[in-house]
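**Student:** File upload13.txt below, compact mmCIF, C-alpha atoms:
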# COMPACT_ATOMS: atom_id res chain seq x y z
CA MET A 217 105.19 79.70 99.46
CA ASN A 218 103.78 77.77 96.49
CA VAL A 219 101.63 80.77 95.53
CA LEU A 220 104.68 83.02 95.37
CA LYS A 221 106.71 80.56 93.31
CA SER A 222 103.89 80.21 90.81
CA LEU A 223 104.10 83.94 90.14
CA ASP A 224 107.83 84.11 89.40
CA ASP A 225 107.24 84.66 85.68
CA THR A 226 104.93 87.63 86.23
CA GLN A 227 106.80 90.83 85.50
CA HIS A 228 104.59 93.01 87.70
CA VAL A 229 104.69 90.84 90.82
CA VAL A 230 107.69 90.90 93.15
CA ARG A 231 109.90 87.80 92.75
CA MET A 232 111.01 85.54 95.56
CA LEU A 233 114.73 84.81 95.20
CA ASP A 234 115.31 82.44 98.11
CA ASN A 235 114.01 81.31 101.49
CA PHE A 236 115.57 80.04 104.70
CA ASP A 237 114.78 79.49 108.39
CA VAL A 238 116.32 81.28 111.36
CA GLU A 239 116.20 79.59 114.75
CA GLY A 240 116.33 81.89 117.74
CA PRO A 241 115.03 82.37 121.30
CA ASN A 242 111.51 82.99 119.97
CA GLY A 243 111.40 79.84 117.86
CA LEU A 244 111.80 79.08 114.17
CA HIS A 245 111.28 82.01 111.78
CA PRO A 246 110.75 81.36 108.05
CA CYS A 247 112.45 84.13 106.04
CA LEU A 248 111.84 85.12 102.43
CA VAL A 249 114.41 86.83 100.22
CA LEU A 250 112.59 89.10 97.76
CA GLU A 251 114.00 91.18 94.95
CA MET A 252 115.04 94.67 95.98
CA LEU A 253 112.52 97.34 95.05
CA GLY A 254 112.14 101.06 95.46
CA PRO A 255 109.46 102.97 97.39
CA SER A 256 105.75 102.30 97.33
CA VAL A 257 103.63 104.62 95.22
CA SER A 258 102.34 106.41 98.32
CA ASP A 259 105.86 106.89 99.72
CA LEU A 260 107.09 108.24 96.38
CA VAL A 261 104.20 110.69 96.17
CA GLU A 262 104.91 111.87 99.71
CA GLY A 263 108.64 112.21 99.06
CA ARG A 264 108.77 113.70 95.56
CA PHE A 265 105.45 115.31 94.63
CA ALA A 266 104.55 118.26 96.81
CA ASP A 267 100.96 118.46 95.56
CA GLY A 268 100.21 114.90 96.73
CA ARG A 269 99.51 113.22 93.39
CA LEU A 270 101.40 111.55 90.56
CA PRO A 271 101.58 113.19 87.13
CA GLY A 272 98.71 111.88 85.00
CA SER A 273 100.86 110.01 82.49
CA LEU A 274 102.80 108.24 85.23
CA ALA A 275 99.58 107.41 87.11
CA ARG A 276 98.11 105.88 83.95
CA GLY A 277 101.20 103.69 83.45
CA VAL A 278 101.15 102.62 87.10
CA ALA A 279 97.46 101.74 86.86
CA ARG A 280 97.94 99.62 83.74
CA GLN A 281 100.86 97.69 85.22
CA ALA A 282 98.98 97.15 88.49
CA MET A 283 96.08 95.64 86.59
CA MET A 284 98.41 93.39 84.63
CA GLY A 285 99.84 92.14 87.92
CA LEU A 286 96.33 91.75 89.32
CA ASP A 287 95.66 89.08 86.72
CA SER A 288 97.96 86.89 88.83
CA LEU A 289 97.57 88.28 92.33
CA HIS A 290 94.67 89.98 94.06
CA HIS A 291 94.12 92.04 97.21
CA PHE A 292 96.02 95.31 97.15
CA HIS A 293 95.93 99.09 97.46
CA ILE A 294 98.52 101.72 96.55
CA ARG A 295 100.85 100.82 99.42
CA ASN A 296 101.07 97.37 97.82
CA LEU A 297 102.57 98.87 94.67
CA ALA A 298 106.33 99.49 94.58
CA PHE A 299 108.58 100.93 91.91
CA ALA A 300 111.34 98.75 90.53
CA ILE A 301 114.92 100.07 90.63
CA PRO A 302 117.93 99.38 88.39
CA SER A 303 119.71 96.15 89.29
CA MET A 304 122.19 96.36 92.15
CA ALA A 305 123.37 92.76 91.85
CA ASN A 306 126.99 93.58 91.06
CA ILE A 307 127.43 96.80 93.05
CA PRO A 308 130.22 96.67 95.70
CA GLU A 309 129.00 96.79 99.30
CA ASP A 310 130.47 100.25 100.03
CA GLU A 311 128.79 101.76 96.96
CA PHE A 312 125.56 99.98 97.83
CA ILE A 313 125.55 101.52 101.33
CA ASN A 314 126.35 104.95 99.90
CA LEU A 315 123.36 104.67 97.59
CA LEU A 316 120.95 103.63 100.31
CA GLY A 317 122.52 105.50 103.20
CA ARG A 318 123.96 104.08 106.39
CA PRO A 319 121.54 101.90 108.35
CA ASP A 320 119.60 103.85 110.98
CA ILE A 321 119.95 101.68 114.09
CA GLY A 322 118.01 102.10 117.32
CA TYR A 323 119.15 100.22 120.40
CA VAL A 324 116.57 98.57 122.62
CA CYS A 325 116.68 99.07 126.38
CA CYS A 326 114.41 98.51 129.36
CA ASN A 327 112.79 101.55 130.93
CA ASP A 328 113.81 100.32 134.36
CA GLY A 329 117.42 99.82 133.33
CA GLY A 330 117.18 96.05 133.64
CA ARG A 331 118.56 93.43 131.26
CA LEU A 332 116.74 92.51 128.10
CA GLY A 333 114.97 89.17 128.04
CA PRO A 334 116.26 86.38 125.77
CA GLY A 335 113.51 86.98 123.19
CA ILE A 336 114.11 90.75 122.81
CA PRO A 337 116.45 92.03 120.06
CA GLU A 338 119.38 94.24 121.03
CA TYR A 339 118.60 96.71 118.26
CA ILE A 340 116.19 97.43 115.42
CA VAL A 341 116.97 98.86 111.96
CA ARG A 342 114.81 101.43 110.19
CA PRO A 343 113.98 100.45 106.55
CA ALA A 344 116.03 102.31 103.95
CA ASN A 345 114.24 105.41 102.69
CA ILE A 346 115.22 105.03 99.05
CA HIS A 347 112.88 107.65 97.60
CA SER A 348 114.88 110.38 99.30
CA ARG A 349 118.01 109.35 97.40
CA SER A 350 119.10 110.60 94.00
CA ARG A 351 119.27 107.16 92.35
CA PRO A 352 116.75 107.10 89.48
CA LEU A 353 113.70 104.87 89.68
CA SER A 354 112.26 102.73 86.95
CA GLU A 355 108.66 103.36 85.94
CA THR A 356 108.03 99.62 86.28
CA ILE A 357 105.63 98.64 89.05
CA LYS A 358 105.60 95.45 91.12
CA ILE A 359 102.84 94.20 93.40
CA VAL A 360 104.17 93.48 96.88
CA ASP A 361 102.84 92.36 100.28
CA PHE A 362 100.99 89.05 100.09
CA GLY A 363 99.64 89.11 103.65
CA GLY A 364 95.97 89.27 102.65
CA SER A 365 96.12 86.91 99.67
CA PHE A 366 94.17 83.65 99.57
CA PRO A 367 93.69 80.81 97.07
CA GLN A 368 90.26 80.66 95.45
CA ASN A 369 89.59 77.21 96.90
CA ASP A 370 90.21 78.41 100.47
CA THR A 371 88.24 81.64 100.83
CA PRO A 372 88.39 83.26 104.28
CA LYS A 373 85.22 84.30 106.12
CA THR A 374 86.44 87.88 106.41
CA LEU A 375 89.31 90.10 105.31
CA HIS A 376 91.21 92.80 107.16
CA THR A 377 91.55 95.16 104.22
CA PRO A 378 91.90 98.81 105.32
CA LEU A 379 88.35 100.07 105.86
CA VAL A 380 88.60 102.87 103.31
CA VAL A 381 89.09 100.36 100.43
CA ARG A 382 87.07 97.50 101.92
CA ALA A 383 84.56 95.91 99.57
CA PRO A 384 80.90 96.10 100.70
CA GLU A 385 80.50 92.30 100.77
CA VAL A 386 83.16 92.22 103.51
CA ILE A 387 81.21 94.75 105.58
CA PHE A 388 77.94 92.86 105.06
CA LYS A 389 79.55 89.48 105.87
CA ASP A 390 78.58 88.06 102.49
CA ARG A 391 80.40 85.33 100.57
CA LEU A 392 83.86 86.49 99.49
CA ASP A 393 85.91 85.75 96.39
CA TYR A 394 88.53 87.41 94.20
CA ARG A 395 86.05 90.11 93.16
CA VAL A 396 86.66 91.99 96.41
CA ASP A 397 89.76 93.23 94.60
CA LEU A 398 87.74 94.67 91.74
CA TRP A 399 86.18 97.06 94.26
CA SER A 400 89.63 97.82 95.71
CA LEU A 401 90.87 98.41 92.15
CA GLY A 402 88.22 101.08 91.64
CA CYS A 403 89.29 102.77 94.88
CA MET A 404 92.95 102.49 93.88
CA LEU A 405 92.34 104.11 90.48
CA PHE A 406 90.57 107.04 92.13
CA GLU A 407 93.39 107.56 94.64
CA LEU A 408 96.13 107.06 92.06
CA PHE A 409 94.92 109.90 89.85
CA VAL A 410 93.35 112.22 92.41
CA GLY A 411 95.82 111.82 95.26
CA GLN A 412 93.33 110.69 97.91
CA PRO A 413 90.88 107.80 98.37
CA PRO A 414 87.28 108.17 97.16
CA PHE A 415 85.96 107.65 100.69
CA ASP A 416 86.80 109.53 103.87
CA SER A 417 89.61 108.02 105.92
CA PHE A 418 89.28 110.32 108.95
CA LEU A 419 87.08 108.89 111.73
CA ILE A 420 85.49 106.51 109.23
CA THR A 421 83.10 103.81 110.48
CA PRO A 422 81.40 101.00 108.55
CA ARG A 423 78.05 102.83 108.71
CA ILE A 424 79.49 106.10 107.37
CA LEU A 425 81.43 104.19 104.72
CA VAL A 426 78.31 102.39 103.45
CA GLU A 427 76.48 105.73 103.21
CA GLN A 428 79.33 107.09 101.11
CA MET A 429 79.37 103.92 99.00
CA GLN A 430 75.68 104.44 98.20
CA GLU A 431 76.36 108.03 97.16
CA MET A 432 79.24 106.95 94.92
CA ALA A 433 77.64 103.87 93.38
CA GLY A 434 74.27 105.55 92.87
CA GLU A 435 72.45 102.23 93.22
CA ALA A 436 70.43 100.38 95.85
CA LEU A 437 71.95 97.78 98.14
CA PRO A 438 71.23 94.14 97.24
CA ASP A 439 68.13 92.88 99.05
CA ARG A 440 70.13 90.36 101.07
CA TRP A 441 72.05 93.20 102.75
CA VAL A 442 69.11 95.45 103.60
CA SER A 443 68.21 93.99 107.02
CA LEU A 444 71.81 94.19 108.26
CA TRP A 445 72.10 97.72 106.88
CA GLU A 446 68.95 98.81 108.74
CA SER A 447 70.35 97.43 111.99
CA MET A 448 73.67 99.22 111.34
CA ARG A 449 71.97 102.50 110.49
CA GLY A 450 69.43 102.44 113.31
CA GLU A 451 67.43 105.65 113.68
CA ASP A 452 70.24 107.82 112.33
CA ILE A 453 68.83 108.63 108.91
CA THR A 454 70.37 111.55 107.08
CA GLY A 455 68.52 113.27 104.28
CA ASN A 456 71.56 115.05 102.91
CA ARG A 457 73.24 113.08 100.18
CA GLY A 458 76.78 113.82 99.10
CA PRO A 459 78.08 114.07 95.54
CA GLY A 460 78.03 111.13 93.15
CA LEU A 461 81.18 109.49 91.83
CA GLN A 462 81.71 111.68 88.75
CA GLU A 463 80.96 114.91 90.57
CA TRP A 464 83.28 114.01 93.44
CA LEU A 465 86.05 112.85 91.09
CA GLU A 466 85.98 116.13 89.15
CA GLU A 467 85.72 118.22 92.31
CA MET A 468 88.76 116.53 93.82
CA TYR A 469 90.87 116.51 90.64
CA PHE A 470 90.12 120.09 89.59
CA ASP A 471 90.47 121.51 93.09
CA GLY A 472 92.67 124.42 91.98
CA GLU A 473 95.37 123.46 94.47
CA ARG A 474 97.19 120.61 92.71
CA LYS A 475 98.66 120.10 89.26
CA GLU A 476 96.07 119.25 86.59
CA ASP A 477 97.64 117.58 83.55
CA LEU A 478 94.63 115.51 82.51
CA SER A 479 91.72 117.03 80.60
CA ARG A 480 88.12 117.08 81.76
CA ASP A 481 87.37 114.50 79.07
CA ASP A 482 90.07 112.28 80.61
CA ILE A 483 88.46 112.56 84.03
CA VAL A 484 85.03 111.79 82.58
CA GLU A 485 86.47 108.62 81.02
CA LEU A 486 88.21 107.72 84.27
CA GLY A 487 84.95 108.16 86.16
CA ARG A 488 83.13 105.90 83.71
CA ILE A 489 85.79 103.21 84.20
CA ILE A 490 85.79 103.45 88.00
CA ARG A 491 81.99 103.25 88.03
CA LYS A 492 82.23 99.84 86.31
CA LEU A 493 84.22 98.58 89.32
CA LEU A 494 82.37 100.24 92.22
CA ARG A 495 79.27 98.09 91.90
CA PHE A 496 77.60 96.52 94.93
CA GLU A 497 76.96 93.18 93.25
CA PRO A 498 80.37 91.49 92.81
CA GLY A 499 79.14 89.78 89.65
CA ALA A 500 78.26 93.15 88.09
CA ARG A 501 81.81 94.49 88.36
CA ALA A 502 83.94 94.67 85.24
CA SER A 503 86.81 92.20 85.07
CA VAL A 504 90.44 93.30 85.05
CA GLU A 505 90.66 92.22 81.40
CA GLU A 506 87.71 94.46 80.50
CA ILE A 507 89.32 97.45 82.20
CA LEU A 508 92.67 96.77 80.53
CA ASP A 509 90.89 96.70 77.17
CA GLU A 510 89.57 100.22 77.71
CA PRO A 511 91.03 102.50 74.99
CA TRP A 512 91.82 105.06 77.73
CA PHE A 513 94.51 102.72 79.08
CA ARG A 514 95.95 101.91 75.67
CA TYR A 515 98.19 104.80 74.78
Could you rewrite the structure in this file as structure tokens?
**Tutor:**
Amino acid sequence: MNVLKSLDDTQHVVRMLDNFDVEGPNGLHPCLVLEMLGPSVSDLVEGRFADGRLPGSLARGVARQAMMGLDSLHHFHIRNLAFAIPSMANIPEDEFINLLGRPDIGYVCCNDGGRLGPGIPEYIVRPANIHSRSRPLSETIKIVDFGGSFPQNDTPKTLHTPLVVRAPEVIFKDRLDYRVDLWSLGCMLFELFVGQPPFDSFLITPRILVEQMQEMAGEALPDRWVSLWESMRGEDITGNRGPGLQEWLEEMYFDGERKEDLSRDDIVELGRIIRKLLRFEPGARASVEEILDEPWFRY
């Protein structure tokens, strides 16, 4: 709660407007009232861009705003980025419902026809699917979803970041700090411009992910991780190495199937920037301020 309130003056972090408690059959539930936002970046891409990626200029603006928000809050990926929408504070309720659509309600029942228990809701409501509506979106981005956040003086022993954007120090059970998000930022930049993560998400395992990380980073693992890596890898040693970061980035962006509105020079610059973040040693990763200072993001 205190963390959220300290971020109220940050324009690219969702604001908390109020909080209250609800007492029910399942106990006391703290509730947060957050400002109303539009779809996440991934939902917008799915709903409005048939080729699966944002236009380059929009992606660049989203990336810059995300990094500005990251100065105040860490731990995110593209589902943690939502578009702002024009204020609806003074819109009458009927017009508000017309804009969002009628709530999609599903009633809960027991398979055996019996009565619901006291802790079971009578119905559930599907979240509004605002990206399918005609109301225009702002190009302003807010960081949302604070579930994985932690204060720097109370670092967790592990994180449950989605595996495909998980920093290597999490996999190797090393000491964690805010720099896990610099790795996630590199992954986010790749996905934001290309339309898919840099690492495979289908049937991915920690061992396969580390192999792909080595291909992308093009550098050796820190010595302190080697013994654990050898036990993870076992006898399964593959001699075939995949493409490096720049090669993979260009192959995925210029795939001939999706819109290409950035030049090859742009993608070379983007690869150079991402490479500064996808470093095994957390201390070797560029800071958010360094990335924001890149001329490529100042346009």
**Student:** Do you have the atom CA of A:Leu250-atom CA of A:Leu233 distance handy?
**Tutor:** 5.4 Å
**Student:** Could you produce a table of the residues of stretch 241-277 of chain A lying within 12 Å of stretch 477-483 of chain A, with the nearest pair of atoms per residue and their separation in Å rounded to one decimal, using all atoms listed in the file, ordered by chain and increasing residue number, as a tab-separated table?
**Tutor:**
residue	atom	partner	partner_atom	distance
A:Arg269	CA	A:Asp477	CA	10.9
A:Leu270	CA	A:Asp477	CA	10.0
A:Pro271	CA	A:Asp477	CA	6.9
A:Gly272	CA	A:Asp477	CA	6.0
A:Ser273	CA	A:Asp477	CA	8.3
A:Leu274	CA	A:Asp477	CA	10.8
A:Ala275	CA	A:Leu478	CA	10.5
A:Arg276	CA	A:Leu478	CA	10.3
**Student:** With only C-alpha atoms counted, which protein, DNA or RNA residues have an atom no more than 10 Å from (115.2, 83.9, 124.9) in the file frame? Please answer as a list in words.
**Tutor:**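 Residues found, by chain and rising number: Gly240, Pro241, Asn242, Gly243, Leu332, Gly333, Pro334, Gly335, Ile336 and Pro337 of chain A.
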**Student:** Between atom CA of A:Val341 and atom CA of A:Asp237, what is the distance, to one decimal in Å?
**Tutor:**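 Between these atoms lies a distance of 19.8 Å.
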**Student:** Could you jot down the atom CA of A:Ser503 to atom CA of A:Arg395 separation for me, Å, one decimal place?
**Tutor:** 8.4 Å
**Student:** Just the residues within 7 Å of stretch 296-307 of chain A, please, counting only C-alpha atoms, with nothing from its chain fewer than 5 positions along; format it as a PyMOL selection string.
**Tutor:** chain A and resi 253-257+312+353-361
**Student:** Would you mind listing, for every residue of stretch 388-446 of chain A within 9 Å of stretch 464-473 of chain A, the two atoms forming the shortest contact and the distance between them in Å to one decimal, using all atoms listed in the file, sorted by chain and ascending residue number, as a tab-separated table?
**Tutor:**
residue	atom	partner	partner_atom	distance
A:Phe406	CA	A:Leu465	CA	7.4
A:Phe409	CA	A:Tyr469	CA	7.8
A:Val410	CA	A:Tyr469	CA	5.3
A:Gly411	CA	A:Tyr469	CA	8.2
A:Gln412	CA	A:Met468	CA	8.5
A:Pro414	CA	A:Leu465	CA	7.8
A:Met432	CA	A:Trp464	CA	8.3
**Student:** List as a ChimeraX atom specification the residues having at least one atom at most 7 Å from position (83.1, 112.1, 86.0) as given in the file, counting only C-alpha atoms.
**Tutor:** /A:461-463,465-466,483-488
**Student:** Taking 5 positions as the minimum chain separation for residues in the same chain, which residues sit within 8 Å of A:Ile490 when counting only C-alpha atoms? Answer as a PyMOL selection string.
**Tutor:** chain A and resi 402-403+405-406
**Student:** Go through A:Ala344, A:Glu427, A:Glu446, A:Val229 one by one, measure the shortest atom-to-atom distance of each to A:Leu315 using all atoms listed in the file, and give the residue with the smallest value.
**Tutor:** A:Ala344
**Student:** Can you pull out the residues contacting A:Val381? Cut-off 7 Å, using all atoms listed in the file, and skip same-chain residues under 2 positions away; I want them as a list in words.
**Tutor:** Thr377, Pro378, Leu379, Ala383, Ser400 and Cys403 of chain A
**Student:** Quick one: residues within 7 Å of A:Lys492, only C-alpha atoms counted, chain neighbours fewer than 3 positions away excluded, as a ChimeraX atom specification?
**Tutor:** /A:488-489,495,501-502
**Student:** Applying 8 Å and only C-alpha atoms, which residues near stretch 438-443 of chain A remain after dropping the ones on its own chain fewer than 4 positions away? List them as number ranges by chain.
**Tutor:** A: 388, 447, 496-497
